[in-house]
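As provided, model_15.cif (mmCIF, N, CA and C atoms) reads as follows.
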data_my_file
#
loop_
_atom_site.label_atom_id
_atom_site.label_comp_id
_atom_site.auth_asym_id
_atom_site.auth_seq_id
_atom_site.Cartn_x
_atom_site.Cartn_y
_atom_site.Cartn_z
N MET A 6 -177.23 -21.54 -21.41
CA MET A 6 -177.58 -20.23 -21.94
C MET A 6 -177.09 -20.17 -23.39
N ASN A 7 -177.96 -19.77 -24.30
CA ASN A 7 -177.54 -19.71 -25.69
C ASN A 7 -176.85 -18.38 -26.00
N ALA A 8 -176.22 -18.32 -27.16
CA ALA A 8 -175.42 -17.15 -27.53
C ALA A 8 -176.27 -15.89 -27.68
N THR A 9 -177.47 -16.04 -28.23
CA THR A 9 -178.34 -14.89 -28.42
C THR A 9 -178.71 -14.25 -27.08
N LEU A 10 -179.02 -15.07 -26.11
CA LEU A 10 -179.37 -14.55 -24.79
C LEU A 10 -178.18 -13.89 -24.13
N ALA A 11 -177.01 -14.49 -24.24
CA ALA A 11 -175.81 -13.91 -23.63
C ALA A 11 -175.49 -12.55 -24.25
N LYS A 12 -175.57 -12.46 -25.57
CA LYS A 12 -175.31 -11.18 -26.24
C LYS A 12 -176.34 -10.13 -25.85
N ALA A 13 -177.60 -10.54 -25.76
CA ALA A 13 -178.66 -9.60 -25.41
C ALA A 13 -178.50 -9.10 -23.98
N LEU A 14 -178.12 -9.98 -23.07
CA LEU A 14 -177.92 -9.55 -21.68
C LEU A 14 -176.73 -8.62 -21.56
N VAL A 15 -175.68 -8.87 -22.34
CA VAL A 15 -174.53 -7.96 -22.34
C VAL A 15 -174.93 -6.61 -22.92
N ALA A 16 -175.72 -6.61 -23.98
CA ALA A 16 -176.16 -5.36 -24.60
C ALA A 16 -177.16 -4.60 -23.74
N LEU A 17 -177.79 -5.29 -22.79
CA LEU A 17 -178.75 -4.63 -21.92
C LEU A 17 -178.08 -3.59 -21.01
N VAL A 18 -176.83 -3.83 -20.65
CA VAL A 18 -176.13 -2.90 -19.76
C VAL A 18 -175.94 -1.53 -20.40
N PRO A 19 -175.29 -1.41 -21.57
CA PRO A 19 -175.14 -0.07 -22.15
C PRO A 19 -176.47 0.56 -22.57
N ALA A 20 -177.41 -0.25 -23.05
CA ALA A 20 -178.71 0.29 -23.43
C ALA A 20 -179.44 0.83 -22.21
N GLY A 21 -179.34 0.11 -21.10
CA GLY A 21 -179.96 0.58 -19.86
C GLY A 21 -179.32 1.84 -19.34
N ILE A 22 -178.00 1.92 -19.44
CA ILE A 22 -177.29 3.13 -18.99
C ILE A 22 -177.70 4.32 -19.85
N LEU A 23 -177.78 4.13 -21.17
CA LEU A 23 -178.24 5.21 -22.05
C LEU A 23 -179.65 5.65 -21.69
N PHE A 24 -180.51 4.67 -21.42
CA PHE A 24 -181.90 5.00 -21.11
C PHE A 24 -182.01 5.77 -19.79
N VAL A 25 -181.32 5.31 -18.76
CA VAL A 25 -181.36 5.99 -17.46
C VAL A 25 -180.78 7.40 -17.58
N GLY A 26 -179.68 7.53 -18.32
CA GLY A 26 -179.11 8.86 -18.54
C GLY A 26 -180.05 9.77 -19.29
N ALA A 27 -180.75 9.24 -20.28
CA ALA A 27 -181.70 10.05 -21.04
C ALA A 27 -182.89 10.46 -20.19
N VAL A 28 -183.33 9.56 -19.32
CA VAL A 28 -184.44 9.90 -18.41
C VAL A 28 -184.01 11.02 -17.47
N LEU A 29 -182.83 10.90 -16.90
CA LEU A 29 -182.35 11.94 -15.98
C LEU A 29 -182.18 13.27 -16.68
N LEU A 30 -181.65 13.26 -17.90
CA LEU A 30 -181.49 14.49 -18.67
C LEU A 30 -182.85 15.10 -18.98
N PHE A 31 -183.81 14.27 -19.36
CA PHE A 31 -185.14 14.79 -19.69
C PHE A 31 -185.83 15.37 -18.46
N LEU A 32 -185.64 14.74 -17.30
CA LEU A 32 -186.25 15.28 -16.08
C LEU A 32 -185.63 16.61 -15.69
N ARG A 33 -184.34 16.79 -16.01
CA ARG A 33 -183.66 18.04 -15.68
C ARG A 33 -183.99 19.14 -16.68
N GLU A 34 -183.98 18.78 -17.97
CA GLU A 34 -184.22 19.76 -19.03
C GLU A 34 -185.25 19.21 -20.01
N LYS A 35 -186.42 19.73 -19.98
CA LYS A 35 -187.48 19.25 -20.87
C LYS A 35 -187.45 20.05 -22.17
N ILE A 36 -186.46 19.68 -23.01
CA ILE A 36 -186.34 20.31 -24.31
C ILE A 36 -186.38 19.23 -25.38
N LEU A 37 -186.48 19.64 -26.64
CA LEU A 37 -186.64 18.68 -27.73
C LEU A 37 -185.46 17.72 -27.83
N GLY A 38 -184.25 18.22 -27.65
CA GLY A 38 -183.08 17.35 -27.75
C GLY A 38 -183.08 16.23 -26.74
N SER A 39 -183.41 16.55 -25.50
CA SER A 39 -183.44 15.50 -24.48
C SER A 39 -184.60 14.54 -24.69
N PHE A 40 -185.70 15.02 -25.25
CA PHE A 40 -186.83 14.15 -25.56
C PHE A 40 -186.47 13.17 -26.67
N LEU A 41 -185.79 13.64 -27.70
CA LEU A 41 -185.37 12.75 -28.78
C LEU A 41 -184.37 11.71 -28.29
N GLN A 42 -183.49 12.12 -27.38
CA GLN A 42 -182.56 11.15 -26.79
C GLN A 42 -183.31 10.09 -26.00
N LEU A 43 -184.31 10.51 -25.27
CA LEU A 43 -185.11 9.57 -24.49
C LEU A 43 -185.84 8.58 -25.40
N LEU A 44 -186.44 9.07 -26.47
CA LEU A 44 -187.12 8.18 -27.42
C LEU A 44 -186.13 7.21 -28.08
N GLY A 45 -184.98 7.72 -28.48
CA GLY A 45 -183.97 6.87 -29.11
C GLY A 45 -183.44 5.81 -28.17
N ALA A 46 -183.17 6.18 -26.94
CA ALA A 46 -182.69 5.20 -25.96
C ALA A 46 -183.76 4.17 -25.65
N GLY A 47 -185.02 4.60 -25.60
CA GLY A 47 -186.12 3.66 -25.39
C GLY A 47 -186.23 2.66 -26.52
N CYS A 48 -186.02 3.12 -27.75
CA CYS A 48 -186.05 2.21 -28.90
C CYS A 48 -184.90 1.21 -28.84
N LEU A 49 -183.74 1.63 -28.39
CA LEU A 49 -182.62 0.71 -28.26
C LEU A 49 -182.88 -0.35 -27.18
N VAL A 50 -183.57 0.05 -26.12
CA VAL A 50 -183.95 -0.93 -25.09
C VAL A 50 -184.95 -1.93 -25.67
N VAL A 51 -185.86 -1.46 -26.52
CA VAL A 51 -186.82 -2.37 -27.16
C VAL A 51 -186.08 -3.39 -28.03
N VAL A 52 -185.02 -2.97 -28.72
CA VAL A 52 -184.22 -3.89 -29.54
C VAL A 52 -183.63 -4.99 -28.66
N VAL A 53 -183.05 -4.59 -27.53
CA VAL A 53 -182.44 -5.57 -26.63
C VAL A 53 -183.51 -6.51 -26.07
N LEU A 54 -184.64 -5.96 -25.67
CA LEU A 54 -185.72 -6.80 -25.14
C LEU A 54 -186.26 -7.76 -26.20
N ALA A 55 -186.28 -7.32 -27.46
CA ALA A 55 -186.73 -8.21 -28.54
C ALA A 55 -185.78 -9.39 -28.68
N HIS A 56 -184.49 -9.15 -28.54
CA HIS A 56 -183.53 -10.24 -28.63
C HIS A 56 -183.61 -11.18 -27.43
N ILE A 57 -183.91 -10.63 -26.27
CA ILE A 57 -184.11 -11.49 -25.09
C ILE A 57 -185.36 -12.35 -25.29
N ASP A 58 -186.42 -11.75 -25.79
CA ASP A 58 -187.64 -12.52 -26.08
C ASP A 58 -187.38 -13.61 -27.10
N GLU A 59 -186.57 -13.30 -28.11
CA GLU A 59 -186.24 -14.29 -29.13
C GLU A 59 -185.46 -15.46 -28.52
N ALA A 60 -184.50 -15.14 -27.67
CA ALA A 60 -183.67 -16.19 -27.07
C ALA A 60 -184.45 -17.07 -26.11
N LEU A 61 -185.41 -16.49 -25.40
CA LEU A 61 -186.20 -17.24 -24.42
C LEU A 61 -187.47 -17.83 -25.03
N HIS A 62 -187.69 -17.61 -26.31
CA HIS A 62 -188.86 -18.11 -27.03
C HIS A 62 -190.16 -17.61 -26.40
N LEU A 63 -190.16 -16.33 -26.04
CA LEU A 63 -191.38 -15.68 -25.54
C LEU A 63 -192.12 -15.07 -26.73
N PHE A 64 -193.41 -14.96 -26.62
CA PHE A 64 -194.25 -14.39 -27.68
C PHE A 64 -193.94 -15.06 -29.02
N THR A 65 -194.06 -16.36 -29.08
CA THR A 65 -193.71 -17.10 -30.28
C THR A 65 -194.57 -16.72 -31.49
N TRP A 66 -195.75 -16.16 -31.24
CA TRP A 66 -196.61 -15.74 -32.33
C TRP A 66 -195.99 -14.61 -33.14
N MET A 67 -194.94 -13.96 -32.62
CA MET A 67 -194.27 -12.89 -33.36
C MET A 67 -193.23 -13.43 -34.32
N HIS A 68 -192.94 -14.74 -34.25
CA HIS A 68 -192.00 -15.40 -35.16
C HIS A 68 -190.65 -14.69 -35.19
N TRP A 69 -190.02 -14.57 -34.01
CA TRP A 69 -188.73 -13.90 -33.89
C TRP A 69 -187.71 -14.52 -34.83
N GLY A 70 -186.90 -13.70 -35.46
CA GLY A 70 -185.81 -14.16 -36.31
C GLY A 70 -186.20 -14.53 -37.72
N GLU A 71 -187.48 -14.56 -38.02
CA GLU A 71 -187.92 -14.89 -39.38
C GLU A 71 -188.13 -13.61 -40.18
N GLU A 72 -187.78 -13.67 -41.45
CA GLU A 72 -188.01 -12.51 -42.31
C GLU A 72 -189.51 -12.26 -42.49
N HIS A 73 -189.85 -11.01 -42.65
CA HIS A 73 -191.24 -10.58 -42.90
C HIS A 73 -192.18 -10.99 -41.77
N SER A 74 -191.69 -10.96 -40.54
CA SER A 74 -192.55 -11.26 -39.39
C SER A 74 -192.69 -10.02 -38.54
N VAL A 75 -193.65 -10.06 -37.64
CA VAL A 75 -193.89 -8.93 -36.75
C VAL A 75 -192.66 -8.67 -35.89
N GLY A 76 -192.06 -9.73 -35.36
CA GLY A 76 -190.87 -9.58 -34.52
C GLY A 76 -189.70 -8.97 -35.26
N HIS A 77 -189.53 -9.36 -36.51
CA HIS A 77 -188.44 -8.82 -37.33
C HIS A 77 -188.63 -7.33 -37.55
N TYR A 78 -189.84 -6.93 -37.89
CA TYR A 78 -190.08 -5.51 -38.16
C TYR A 78 -190.07 -4.67 -36.89
N LEU A 79 -190.48 -5.23 -35.77
CA LEU A 79 -190.36 -4.52 -34.50
C LEU A 79 -188.90 -4.28 -34.16
N ASP A 80 -188.09 -5.30 -34.32
CA ASP A 80 -186.67 -5.20 -34.05
C ASP A 80 -186.00 -4.22 -35.00
N LEU A 81 -186.26 -4.35 -36.28
CA LEU A 81 -185.65 -3.49 -37.28
C LEU A 81 -186.09 -2.03 -37.12
N GLY A 82 -187.38 -1.83 -36.95
CA GLY A 82 -187.89 -0.46 -36.80
C GLY A 82 -187.35 0.22 -35.55
N SER A 83 -187.27 -0.52 -34.46
CA SER A 83 -186.74 0.05 -33.23
C SER A 83 -185.26 0.38 -33.36
N ALA A 84 -184.52 -0.49 -34.04
CA ALA A 84 -183.09 -0.23 -34.23
C ALA A 84 -182.87 1.02 -35.09
N VAL A 85 -183.63 1.14 -36.17
CA VAL A 85 -183.48 2.31 -37.04
C VAL A 85 -183.85 3.58 -36.30
N LEU A 86 -184.97 3.55 -35.59
CA LEU A 86 -185.38 4.75 -34.83
C LEU A 86 -184.38 5.09 -33.72
N GLY A 87 -183.92 4.07 -33.01
CA GLY A 87 -182.97 4.31 -31.93
C GLY A 87 -181.66 4.89 -32.42
N LEU A 88 -181.15 4.33 -33.52
CA LEU A 88 -179.88 4.81 -34.06
C LEU A 88 -180.02 6.12 -34.82
N THR A 89 -181.24 6.58 -35.03
CA THR A 89 -181.47 7.88 -35.66
C THR A 89 -181.81 8.94 -34.62
N LEU A 90 -182.75 8.63 -33.74
CA LEU A 90 -183.24 9.64 -32.80
C LEU A 90 -182.22 9.99 -31.71
N PHE A 91 -181.51 8.99 -31.18
CA PHE A 91 -180.58 9.29 -30.10
C PHE A 91 -179.47 10.24 -30.54
N PRO A 92 -178.75 9.96 -31.65
CA PRO A 92 -177.72 10.91 -32.06
C PRO A 92 -178.28 12.26 -32.49
N MET A 93 -179.48 12.25 -33.10
CA MET A 93 -180.10 13.51 -33.48
C MET A 93 -180.41 14.36 -32.24
N GLY A 94 -180.94 13.71 -31.22
CA GLY A 94 -181.22 14.42 -29.97
C GLY A 94 -179.96 14.91 -29.30
N TYR A 95 -178.91 14.09 -29.33
CA TYR A 95 -177.63 14.49 -28.73
C TYR A 95 -177.07 15.71 -29.44
N LEU A 96 -177.10 15.69 -30.77
CA LEU A 96 -176.61 16.82 -31.54
C LEU A 96 -177.43 18.07 -31.28
N LEU A 97 -178.74 17.93 -31.28
CA LEU A 97 -179.61 19.07 -31.02
C LEU A 97 -179.39 19.63 -29.62
N HIS A 98 -179.22 18.75 -28.65
CA HIS A 98 -178.96 19.18 -27.28
C HIS A 98 -177.62 19.90 -27.19
N ALA A 99 -176.61 19.37 -27.86
CA ALA A 99 -175.29 20.00 -27.83
C ALA A 99 -175.31 21.38 -28.51
N LEU A 100 -176.01 21.49 -29.63
CA LEU A 100 -176.10 22.77 -30.31
C LEU A 100 -176.90 23.79 -29.51
N THR A 101 -177.94 23.32 -28.83
CA THR A 101 -178.75 24.22 -28.00
C THR A 101 -177.94 24.73 -26.82
N LYS A 102 -177.18 23.85 -26.20
CA LYS A 102 -176.36 24.23 -25.05
C LYS A 102 -175.24 25.17 -25.47
N ARG A 103 -174.70 24.95 -26.66
CA ARG A 103 -173.60 25.77 -27.15
C ARG A 103 -174.05 27.20 -27.40
N ASN A 104 -175.26 27.36 -27.94
CA ASN A 104 -175.78 28.68 -28.24
C ASN A 104 -176.27 29.41 -26.99
N ALA A 105 -176.56 28.69 -25.94
CA ALA A 105 -177.09 29.31 -24.73
C ALA A 105 -175.98 29.78 -23.85
#

Just give me the structure of the file as structure tokens.
Amino acid sequence: MNATLAKALVALVPAGILFVGAVLLFLREKILGSFLQLLGAGCLVVVVLAHIDEALHLFTWMHWGEEHSVGHYLDLGSAVLGLTLFPMGYLLHALTKRNA
């Protein structure tokens, strides 16, 4: 097992927990904050899956790990969206709950 695959499998656990928690929150409360958390957690799962695909050499046409490739931009875009949307949704959810 290579290092990239090991790191990606380890990262799959917290990303999966965040995603399952966001799904449960969204099913309980269908508000904008929980939806943003769900989208952000989904993007973080996409990042982890992209690294697993890179380590296993799946979808080689995406040229994983190379600059200016489809795989690179999928990974980068998902990471940026995930690290932006999840905290934004968490903050919005916390502020909404505080005012209610």

* Matched chain/residue IDs from the PyMOL selection byres ((chain A and resi 10) around 7), as a list in words ->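 When the PyMOL selection byres ((chain A and resi 10) around 7) is applied to the shown file, the picked residues are Met6, Asn7, Ala8, Thr9, Ala11, Lys12, Ala13, Leu14, Val15, His56, Ile57, Glu59, Ala60 and Leu61 of chain A.
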
* Asked: Can you list what the PyMOL selection byres ((chain A and resi 34-40) around 8) grabs from this structure, as a count of residues only?
  -> 23

* Structure fact -> The residue from A:Gly70, A:Ala84, A:Arg103, A:His62 with the smallest atom-to-atom distance to Gly47 (chain A), counting only C-alpha atoms, is A:Ala84

* Quick one, how far is CA of Val50 (chain A) from atom N of Ala16 (chain A)? ->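 Here the two named atoms are 10.1 Å from each other.
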
* To do: Please measure the separation of CA of His77 (chain A) and CA of Thr89 (chain A), giving the value in Å to one decimal.
  =>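 Computing it gives 18.2 Å between the two atoms.
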
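Between atom N of Asp80 (chain A) and atom N of Leu100 (chain A) lies a distance of 29.8 Å.
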
* Could you pull the residues within 10 Å of Phe64 (chain A), counting only C-alpha atoms, minus those fewer than 4 positions along the same chain, as a list in words? ->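 Final neighbour list, sorted by chain and number: Ala55, Asp58, Glu59, His68, Trp69 and Gly76 of chain A.
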
* Going by DSSP on the backbone, which bits of chain A are helix (DSSP H, G or I)? Write them as a PyMOL selection string, please. => chain A and resi 8-33+37-61+65-67+75-104

Show me, as JSON, the centre and edge lengths in Å to one decimal of the axis-aligned box that covers every listed atom of region 90-102 of chain A with 6 Å on each side.
{"center_x": -179.2, "center_y": 16.9, "center_z": -29.4, "size_x": 20.0, "size_y": 28.5, "size_z": 20.7}

* To do: Apply the PyMOL selection byres (((chain A and resi 20 and name CA) around 8) and name CA) to the displayed file and report the matching residues as a list of chain:residue names.
  =>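 Applying the PyMOL selection byres (((chain A and resi 20 and name CA) around 8) and name CA) to the structure shown produces A:Ala16, A:Leu17, A:Val18, A:Pro19, A:Gly21, A:Ile22, A:Leu23, A:Phe24, A:Ala46, A:Leu49, A:Val50, A:Val53.
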